[in-house]
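Structure data (mmCIF, C-alpha atoms) from run-v2.cif:
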data_model
loop_
_atom_site.group_PDB
_atom_site.id
_atom_site.type_symbol
_atom_site.label_atom_id
_atom_site.label_comp_id
_atom_site.auth_asym_id
_atom_site.auth_seq_id
_atom_site.Cartn_x
_atom_site.Cartn_y
_atom_site.Cartn_z
ATOM 1 C CA GLY A 1 12.965 -21.076 4.802
ATOM 2 C CA ALA A 2 14.801 -17.958 3.762
ATOM 3 C CA VAL A 3 14.973 -15.276 6.463
ATOM 4 C CA VAL A 4 15.916 -11.621 6.259
ATOM 5 C CA SER A 5 16.632 -9.842 9.516
ATOM 6 C CA GLN A 6 15.994 -6.092 9.461
ATOM 7 C CA HIS A 7 17.064 -3.751 12.268
ATOM 8 C CA PRO A 8 16.019 -1.623 13.951
ATOM 9 C CA SER A 9 12.282 -2.253 13.831
ATOM 10 C CA ARG A 10 11.565 1.216 15.173
ATOM 11 C CA VAL A 11 13.734 4.287 15.508
ATOM 12 C CA ILE A 12 13.112 7.848 16.579
ATOM 13 C CA CYS A 13 15.757 10.388 15.705
ATOM 14 C CA LYS A 14 16.228 14.121 15.823
ATOM 15 C CA SER A 15 16.017 16.216 12.703
ATOM 16 C CA GLY A 16 19.445 16.591 11.099
ATOM 17 C CA THR A 17 20.873 13.302 12.316
ATOM 18 C CA SER A 18 21.534 10.195 10.259
ATOM 19 C CA VAL A 19 19.963 6.786 10.728
ATOM 20 C CA LYS A 20 21.249 3.450 9.474
ATOM 21 C CA ILE A 21 18.953 0.519 8.736
ATOM 22 C CA GLU A 22 20.428 -2.948 8.256
ATOM 23 C CA CYS A 23 19.137 -5.944 6.393
ATOM 24 C CA ARG A 24 20.867 -9.298 6.717
ATOM 25 C CA SER A 25 20.057 -12.484 4.870
ATOM 26 C CA LEU A 26 20.524 -15.222 7.437
ATOM 27 C CA ASP A 27 20.613 -18.416 5.427
ATOM 28 C CA PHE A 28 21.127 -17.445 1.822
ATOM 29 C CA GLN A 29 23.159 -15.124 -0.338
ATOM 30 C CA ALA A 30 21.293 -11.988 -1.314
ATOM 31 C CA THR A 31 22.584 -11.224 -4.785
ATOM 32 C CA THR A 32 20.209 -8.286 -5.001
ATOM 33 C CA MET A 33 18.608 -6.124 -2.336
ATOM 34 C CA PHE A 34 15.592 -3.915 -2.906
ATOM 35 C CA TRP A 35 14.693 -1.035 -0.607
ATOM 36 C CA TYR A 36 11.103 0.129 -0.385
ATOM 37 C CA ARG A 37 9.309 2.921 1.382
ATOM 38 C CA GLN A 38 5.646 3.122 2.199
ATOM 39 C CA PHE A 39 3.975 6.483 1.835
ATOM 40 C CA PRO A 40 0.777 7.211 3.788
ATOM 41 C CA LYS A 41 -2.191 5.291 2.397
ATOM 42 C CA LYS A 42 -0.057 3.998 -0.442
ATOM 43 C CA SER A 43 1.684 0.789 -1.320
ATOM 44 C CA LEU A 44 5.374 -0.009 -1.197
ATOM 45 C CA MET A 45 7.376 2.233 -3.483
ATOM 46 C CA LEU A 46 10.733 0.984 -4.710
ATOM 47 C CA MET A 47 13.517 3.354 -3.755
ATOM 48 C CA ALA A 48 16.563 1.571 -5.085
ATOM 49 C CA THR A 49 18.033 -1.739 -6.184
ATOM 50 C CA SER A 50 21.503 -2.815 -5.172
ATOM 51 C CA ASN A 51 23.647 -5.671 -6.358
ATOM 52 C CA GLU A 52 26.440 -6.922 -4.159
ATOM 53 C CA GLY A 53 29.639 -5.036 -4.754
ATOM 54 C CA SER A 54 28.236 -2.400 -7.076
ATOM 55 C CA LYS A 55 26.528 0.973 -6.774
ATOM 56 C CA ALA A 56 22.817 1.048 -6.151
ATOM 57 C CA THR A 57 20.390 1.991 -8.898
ATOM 58 C CA TYR A 58 17.931 4.583 -7.643
ATOM 59 C CA GLU A 59 14.389 5.077 -8.841
ATOM 60 C CA GLN A 60 13.375 8.392 -10.326
ATOM 61 C CA GLY A 61 12.826 11.025 -7.670
ATOM 62 C CA VAL A 62 14.870 9.309 -4.950
ATOM 63 C CA GLU A 63 17.851 11.352 -3.775
ATOM 64 C CA LYS A 64 20.889 9.111 -3.778
ATOM 65 C CA ASP A 65 22.887 11.487 -1.569
ATOM 66 C CA LYS A 66 20.151 11.401 1.031
ATOM 67 C CA PHE A 67 19.429 7.689 0.999
ATOM 68 C CA LEU A 68 22.807 5.977 0.959
ATOM 69 C CA ILE A 69 22.716 2.289 0.149
ATOM 70 C CA ASN A 70 25.601 -0.058 0.712
ATOM 71 C CA HIS A 71 25.640 -3.715 -0.300
ATOM 72 C CA ALA A 72 29.188 -4.664 0.518
ATOM 73 C CA SER A 73 28.575 -8.365 1.092
ATOM 74 C CA LEU A 74 26.180 -11.053 -0.063
ATOM 75 C CA THR A 75 24.476 -11.108 3.324
ATOM 76 C CA LEU A 76 24.325 -7.470 4.350
ATOM 77 C CA SER A 77 22.840 -4.301 2.903
ATOM 78 C CA THR A 78 22.371 -0.996 4.681
ATOM 79 C CA LEU A 79 20.239 2.059 4.025
ATOM 80 C CA THR A 80 21.403 5.271 5.675
ATOM 81 C CA VAL A 81 19.015 8.191 5.804
ATOM 82 C CA THR A 82 21.315 11.198 6.033
ATOM 83 C CA SER A 83 20.366 14.508 7.611
ATOM 84 C CA ALA A 84 16.905 13.187 8.336
ATOM 85 C CA HIS A 85 13.913 15.505 8.269
ATOM 86 C CA PRO A 86 10.362 14.942 9.482
ATOM 87 C CA GLU A 87 9.214 14.269 5.913
ATOM 88 C CA ASP A 88 11.546 11.247 5.884
ATOM 89 C CA SER A 89 9.397 9.663 8.571
ATOM 90 C CA SER A 90 8.049 6.514 7.000
ATOM 91 C CA PHE A 91 8.095 2.738 6.954
ATOM 92 C CA TYR A 92 11.150 1.331 5.198
ATOM 93 C CA ILE A 93 11.443 -2.308 4.207
ATOM 94 C CA CYS A 94 14.018 -4.364 2.366
ATOM 95 C CA SER A 95 13.588 -7.375 0.135
ATOM 96 C CA ALA A 96 16.493 -9.681 -0.568
ATOM 97 C CA ARG A 97 16.687 -11.749 -3.693
ATOM 98 C CA ASP A 98 18.366 -15.126 -3.949
ATOM 99 C CA ARG A 99 19.021 -15.417 -7.659
ATOM 100 C CA ASP A 100 19.380 -19.216 -7.460
ATOM 101 C CA ARG A 101 15.693 -19.500 -6.563
ATOM 102 C CA GLY A 102 14.432 -17.600 -9.586
ATOM 103 C CA PRO A 103 11.001 -15.981 -9.137
ATOM 104 C CA TYR A 104 10.647 -17.664 -5.733
ATOM 105 C CA GLY A 105 13.704 -16.020 -4.319
ATOM 106 C CA TYR A 106 12.334 -12.788 -2.849
ATOM 107 C CA THR A 107 12.252 -12.482 0.957
ATOM 108 C CA PHE A 108 11.231 -9.433 2.937
ATOM 109 C CA GLY A 109 12.655 -8.021 6.108
ATOM 110 C CA SER A 110 10.227 -7.042 8.846
ATOM 111 C CA GLY A 111 10.484 -3.317 8.199
ATOM 112 C CA THR A 112 11.663 -0.238 10.074
ATOM 113 C CA ARG A 113 9.362 2.513 11.281
ATOM 114 C CA LEU A 114 11.372 5.740 11.217
ATOM 115 C CA THR A 115 10.103 8.803 13.030
ATOM 116 C CA VAL A 116 12.060 12.032 12.722
ATOM 117 C CA VAL A 117 11.248 14.649 15.346
ATOM 118 C CA ILE B 1 7.087 3.541 -14.708
ATOM 119 C CA LEU B 2 5.256 0.228 -14.459
ATOM 120 C CA ASN B 3 1.559 0.395 -13.656
ATOM 121 C CA VAL B 4 0.374 -2.289 -11.276
ATOM 122 C CA GLU B 5 -3.119 -1.650 -10.006
ATOM 123 C CA GLN B 6 -5.344 -3.429 -7.578
ATOM 124 C CA SER B 7 -9.042 -3.159 -6.994
ATOM 125 C CA PRO B 8 -10.894 -2.564 -4.861
ATOM 126 C CA GLN B 9 -8.744 -0.405 -2.558
ATOM 127 C CA SER B 10 -10.608 -1.666 0.477
ATOM 128 C CA LEU B 11 -13.246 -4.196 1.207
ATOM 129 C CA HIS B 12 -15.442 -5.074 4.172
ATOM 130 C CA VAL B 13 -17.045 -8.502 4.178
ATOM 131 C CA GLN B 14 -18.978 -10.532 6.697
ATOM 132 C CA GLU B 15 -17.404 -13.617 8.213
ATOM 133 C CA GLY B 16 -18.208 -16.591 6.020
ATOM 134 C CA ASP B 17 -18.542 -14.597 2.815
ATOM 135 C CA SER B 18 -16.308 -15.354 -0.121
ATOM 136 C CA THR B 19 -14.510 -12.513 -1.815
ATOM 137 C CA ASN B 20 -12.096 -11.748 -4.608
ATOM 138 C CA PHE B 21 -9.869 -8.928 -5.757
ATOM 139 C CA THR B 22 -8.038 -8.032 -8.905
ATOM 140 C CA CYS B 23 -4.488 -7.148 -9.829
ATOM 141 C CA SER B 24 -3.735 -5.726 -13.269
ATOM 142 C CA PHE B 25 -0.225 -5.457 -14.640
ATOM 143 C CA PRO B 26 1.637 -4.889 -17.920
ATOM 144 C CA SER B 27 1.072 -7.767 -20.330
ATOM 145 C CA SER B 28 4.514 -7.485 -21.914
ATOM 146 C CA ASN B 29 7.858 -8.729 -20.603
ATOM 147 C CA PHE B 30 6.244 -10.867 -17.913
ATOM 148 C CA TYR B 31 8.429 -12.838 -15.498
ATOM 149 C CA ALA B 32 6.353 -13.454 -12.377
ATOM 150 C CA LEU B 33 3.366 -12.234 -10.400
ATOM 151 C CA HIS B 34 3.530 -12.366 -6.620
ATOM 152 C CA TRP B 35 0.745 -12.182 -4.061
ATOM 153 C CA TYR B 36 1.507 -11.154 -0.497
ATOM 154 C CA ARG B 37 -0.530 -10.865 2.657
ATOM 155 C CA TRP B 38 0.567 -7.971 4.838
ATOM 156 C CA GLU B 39 -0.489 -7.357 8.394
ATOM 157 C CA THR B 40 0.441 -4.122 10.115
ATOM 158 C CA ALA B 41 3.868 -4.177 11.807
ATOM 159 C CA LYS B 42 4.755 -7.522 10.241
ATOM 160 C CA SER B 43 6.760 -8.631 7.266
ATOM 161 C CA PRO B 44 4.742 -9.302 4.090
ATOM 162 C CA GLU B 45 3.928 -13.004 3.867
ATOM 163 C CA ALA B 46 4.335 -14.583 0.463
ATOM 164 C CA LEU B 47 1.148 -16.331 -0.638
ATOM 165 C CA PHE B 48 1.791 -17.254 -4.247
ATOM 166 C CA VAL B 49 4.359 -16.853 -6.969
ATOM 167 C CA MET B 50 2.800 -17.324 -10.379
ATOM 168 C CA THR B 51 4.810 -17.641 -13.529
ATOM 169 C CA LEU B 52 2.728 -19.301 -16.245
ATOM 170 C CA ASN B 53 -0.311 -18.051 -18.116
ATOM 171 C CA GLY B 54 -3.328 -19.964 -16.865
ATOM 172 C CA ASP B 55 -1.686 -20.811 -13.526
ATOM 173 C CA GLU B 56 -4.077 -21.534 -10.702
ATOM 174 C CA LYS B 57 -2.692 -21.893 -7.196
ATOM 175 C CA LYS B 58 -4.370 -22.722 -3.929
ATOM 176 C CA LYS B 59 -3.385 -22.461 -0.274
ATOM 177 C CA GLY B 60 -6.155 -23.471 2.088
ATOM 178 C CA ARG B 61 -9.116 -21.164 1.493
ATOM 179 C CA ILE B 62 -7.113 -18.791 -0.683
ATOM 180 C CA SER B 63 -6.564 -19.290 -4.385
ATOM 181 C CA ALA B 64 -5.277 -17.238 -7.285
ATOM 182 C CA THR B 65 -5.441 -17.287 -11.060
ATOM 183 C CA LEU B 66 -3.208 -15.688 -13.657
ATOM 184 C CA ASN B 67 -3.762 -14.357 -17.162
ATOM 185 C CA THR B 68 -0.518 -12.961 -18.543
ATOM 186 C CA LYS B 69 -1.905 -12.274 -22.011
ATOM 187 C CA GLU B 70 -4.426 -9.774 -20.749
ATOM 188 C CA GLY B 71 -2.436 -8.748 -17.692
ATOM 189 C CA TYR B 72 -4.548 -9.660 -14.690
ATOM 190 C CA SER B 73 -4.641 -11.928 -11.697
ATOM 191 C CA TYR B 74 -7.471 -12.689 -9.293
ATOM 192 C CA LEU B 75 -7.142 -13.614 -5.636
ATOM 193 C CA TYR B 76 -10.074 -15.481 -4.085
ATOM 194 C CA ILE B 77 -10.803 -16.079 -0.434
ATOM 195 C CA LYS B 78 -13.467 -18.650 0.323
ATOM 196 C CA GLY B 79 -15.407 -18.393 3.582
ATOM 197 C CA SER B 80 -13.579 -15.323 4.920
ATOM 198 C CA GLN B 81 -12.499 -15.380 8.562
ATOM 199 C CA PRO B 82 -11.551 -12.446 10.818
ATOM 200 C CA GLU B 83 -7.936 -13.609 10.719
ATOM 201 C CA ASP B 84 -7.950 -13.009 6.955
ATOM 202 C CA SER B 85 -8.137 -9.273 7.650
ATOM 203 C CA ALA B 86 -4.992 -7.762 6.164
ATOM 204 C CA THR B 87 -3.742 -5.869 3.149
ATOM 205 C CA TYR B 88 -3.231 -8.059 0.109
ATOM 206 C CA LEU B 89 -0.513 -6.902 -2.232
ATOM 207 C CA CYS B 90 0.276 -8.116 -5.693
ATOM 208 C CA ALA B 91 3.668 -7.465 -7.218
ATOM 209 C CA PHE B 92 4.785 -7.683 -10.817
ATOM 210 C CA SER B 93 8.218 -8.751 -11.883
ATOM 211 C CA GLY B 94 9.006 -7.939 -15.504
ATOM 212 C CA GLY B 95 12.475 -9.324 -15.600
ATOM 213 C CA TYR B 96 15.132 -10.748 -13.404
ATOM 214 C CA GLN B 97 15.304 -7.729 -11.195
ATOM 215 C CA LYS B 98 12.899 -5.353 -9.581
ATOM 216 C CA VAL B 99 9.470 -6.102 -8.296
ATOM 217 C CA THR B 100 6.805 -3.411 -8.593
ATOM 218 C CA PHE B 101 3.975 -3.481 -6.098
ATOM 219 C CA GLY B 102 0.334 -2.758 -6.628
ATOM 220 C CA THR B 103 -1.606 -0.362 -4.510
ATOM 221 C CA GLY B 104 -2.985 -3.094 -2.268
ATOM 222 C CA THR B 105 -6.458 -4.199 -1.230
ATOM 223 C CA LYS B 106 -7.250 -3.762 2.433
ATOM 224 C CA LEU B 107 -9.621 -6.478 3.568
ATOM 225 C CA GLN B 108 -11.597 -6.350 6.766
ATOM 226 C CA VAL B 109 -13.653 -9.353 7.763
ATOM 227 C CA ILE B 110 -16.403 -8.495 10.201
ATOM 228 C CA PRO B 111 -17.258 -11.230 12.738
#

For the file at hand, write its structure as structure tokens.
Amino acid sequence: GAVVSQHPSRVICKSGTSVKIECRSLDFQATTMFWYRQFPKKSLMLMATSNEGSKATYEQGVEKDKFLINHASLTLSTLTVTSAHPEDSSFYICSARDRDRGPYGYTFGSGTRLTVV
Amino acid sequence: ILNVEQSPQSLHVQEGDSTNFTCSFPSSNFYALHWYRWETAKSPEALFVMTLNGDEKKKGRISATLNTKEGYSYLYIKGSQPEDSATYLCAFSGGYQKVTFGTGTKLQVIP
């Protein structure tokens, strides 16, 4: 089956530093990548959608200069949290879409727990 | 902003009991409705992808129904087991792109 590898699974960083999270589709081409964040006691909130080779589309309220998304190839997308602050501490998860599989083509990574101290 | 809601927010049931929860979503521009099972520190596990009004799908003791005209889906678990304890998420896809998640139902099955 389709697999998305997300790294790191956990990261602790100091306030003011940047953190990069990677998502790789291992056995399919991810035409679209979705990045989600889970807020405390809430569900997964979509942050942005990126299509390979083009700029990401950010949801309302998400700072694009803070959460940099790159989708340079069909198998790799990265989310960089720049100048991280404690309020950025959260669970981040990607979902890769294989367009050829229609509605069945969404596969999640395993998530990254970010703690900013 | 799409409104995808799930109820109840949390549920405690005894082992062996059957249970069900609801997902409501916009009834226009429907593409697909997804159900996921999500355990802490793991990747969400896809349970069902439902695309047609009236769809009924089953996987072991878990089944789901879909009504796109009125905008709801039910997830049923028959004879709940402790290993069914998880958060169950539904997600609505209104086109060929983004998937919007519901608020989730946290199920705890008490042995």

Inset, instruction - Starting from chain A, keep only residues with some atom at most 9 Å from an atom of chain B, counting only C-alpha atoms, and report them as a PyMOL selection string. - result: chain A and resi 9+32+34+41-46+49+93+97+99+102-104+106-113

Could you expand the PyMOL selection byres ((chain A and resi 114) around 9) into the explicit residues it covers here, written as a PDB file with C-alpha atoms, in the coordinates of the input?
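Contents of the output file result_24.pdb:
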ATOM      1  CA  SER A   9      12.282  -2.253  13.831  1.00  0.00           C
ATOM      2  CA  ARG A  10      11.565   1.216  15.173  1.00  0.00           C
ATOM      3  CA  VAL A  11      13.734   4.287  15.508  1.00  0.00           C
ATOM      4  CA  ILE A  12      13.112   7.848  16.579  1.00  0.00           C
ATOM      5  CA  CYS A  13      15.757  10.388  15.705  1.00  0.00           C
ATOM      6  CA  VAL A  19      19.963   6.786  10.728  1.00  0.00           C
ATOM      7  CA  ASP A  88      11.546  11.247   5.884  1.00  0.00           C
ATOM      8  CA  SER A  89       9.397   9.663   8.571  1.00  0.00           C
ATOM      9  CA  SER A  90       8.049   6.514   7.000  1.00  0.00           C
ATOM     10  CA  PHE A  91       8.095   2.738   6.954  1.00  0.00           C
ATOM     11  CA  TYR A  92      11.150   1.331   5.198  1.00  0.00           C
ATOM     12  CA  THR A 112      11.663  -0.238  10.074  1.00  0.00           C
ATOM     13  CA  ARG A 113       9.362   2.513  11.281  1.00  0.00           C
ATOM     14  CA  THR A 115      10.103   8.803  13.030  1.00  0.00           C
ATOM     15  CA  VAL A 116      12.060  12.032  12.722  1.00  0.00           C
TER      16      VAL A 116
END

Translate the PyMOL selection byres ((chain A and resi 54-64) around 12), as applied to the file shown, into an explicit residue set as a short mmCIF file (atom, residue, chain, number, x, y, z; two decimals) with C-alpha atoms, keeping the file's coordinate frame.
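Contents of the output file selection-v8.cif:
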data_model
loop_
_atom_site.label_atom_id
_atom_site.label_comp_id
_atom_site.auth_asym_id
_atom_site.auth_seq_id
_atom_site.Cartn_x
_atom_site.Cartn_y
_atom_site.Cartn_z
CA THR A 31 22.58 -11.22 -4.78
CA THR A 32 20.21 -8.29 -5.00
CA MET A 33 18.61 -6.12 -2.34
CA PHE A 34 15.59 -3.92 -2.91
CA TRP A 35 14.69 -1.03 -0.61
CA TYR A 36 11.10 0.13 -0.38
CA ARG A 37 9.31 2.92 1.38
CA MET A 45 7.38 2.23 -3.48
CA LEU A 46 10.73 0.98 -4.71
CA MET A 47 13.52 3.35 -3.76
CA ALA A 48 16.56 1.57 -5.08
CA THR A 49 18.03 -1.74 -6.18
CA SER A 50 21.50 -2.82 -5.17
CA ASN A 51 23.65 -5.67 -6.36
CA GLU A 52 26.44 -6.92 -4.16
CA GLY A 53 29.64 -5.04 -4.75
CA ASP A 65 22.89 11.49 -1.57
CA LYS A 66 20.15 11.40 1.03
CA PHE A 67 19.43 7.69 1.00
CA LEU A 68 22.81 5.98 0.96
CA ILE A 69 22.72 2.29 0.15
CA ASN A 70 25.60 -0.06 0.71
CA HIS A 71 25.64 -3.72 -0.30
CA ALA A 72 29.19 -4.66 0.52
CA SER A 73 28.58 -8.36 1.09
CA LEU A 74 26.18 -11.05 -0.06
CA SER A 77 22.84 -4.30 2.90
CA THR A 78 22.37 -1.00 4.68
CA LEU A 79 20.24 2.06 4.03
CA THR A 80 21.40 5.27 5.68
CA VAL A 81 19.02 8.19 5.80
CA THR A 82 21.32 11.20 6.03
CA ASP A 88 11.55 11.25 5.88
CA ILE B 1 7.09 3.54 -14.71
CA LEU B 2 5.26 0.23 -14.46
CA GLN B 97 15.30 -7.73 -11.20
CA LYS B 98 12.90 -5.35 -9.58
CA THR B 100 6.80 -3.41 -8.59
#

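Restricting the calculation to all atoms listed in the file, the smallest distance between Gly54 of chain B and any of B:Tyr88, B:Tyr74, B:Trp38, B:Phe21 is found for B:Tyr74.
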
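Closest approach to Cys23 of chain B from the set B:Gly94, B:Pro8, B:Gly79, B:Pro111 is made by B:Pro8, with distances taken over only C-alpha atoms.
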
Legend entry - Atomic separation - atom CA of Phe92 of chain B relative to atom CA of Lys57 of chain B, Å: 16.5 Å

Inset, instruction - Work out how far apart atom CA of Gly60 of chain B and atom CA of Val13 of chain B are and give it in Å to one decimal. - result: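 Atom-to-atom, atom CA of Gly60 of chain B and atom CA of Val13 of chain B are spaced 18.6 Å apart.
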
Legend entry - Picked residues, the PyMOL selection byres ((chain A and resi 29) around 8), expected as a ChimeraX atom specification: /A:25,27-28,30-31,74-75,98

How big is the axis-aligned box around all listed atoms of segment 88-95 of chain A once 3 Å goes on each side, and where's its centre, in Å to one decimal, as AutoDock Vina command-line options?
--center_x 11.0 --center_y 1.9 --center_z 4.4 --size_x 12.0 --size_y 24.6 --size_z 14.4

Inset, instruction - Identify which of the residues B:Gly16, B:Glu70, B:Leu47, B:Ser24 lies closest to Val4 of chain B, counting only C-alpha atoms when measuring atom-to-atom distances. - result: B:Ser24

Inset, instruction - Enter the distance from atom CA of Glu39 of chain B to atom CA of Leu26 of chain A, in Å, rounded to one decimal. - result: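 If I compute the distance from atom CA of Glu39 of chain B to atom CA of Leu26 of chain A, I get 22.5 Å.
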
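The smallest atom-to-atom distance between Ser5 of chain A and any of A:Ser83, A:Cys23, A:Thr17, A:Phe39, using all atoms listed in the file, is found for A:Cys23.
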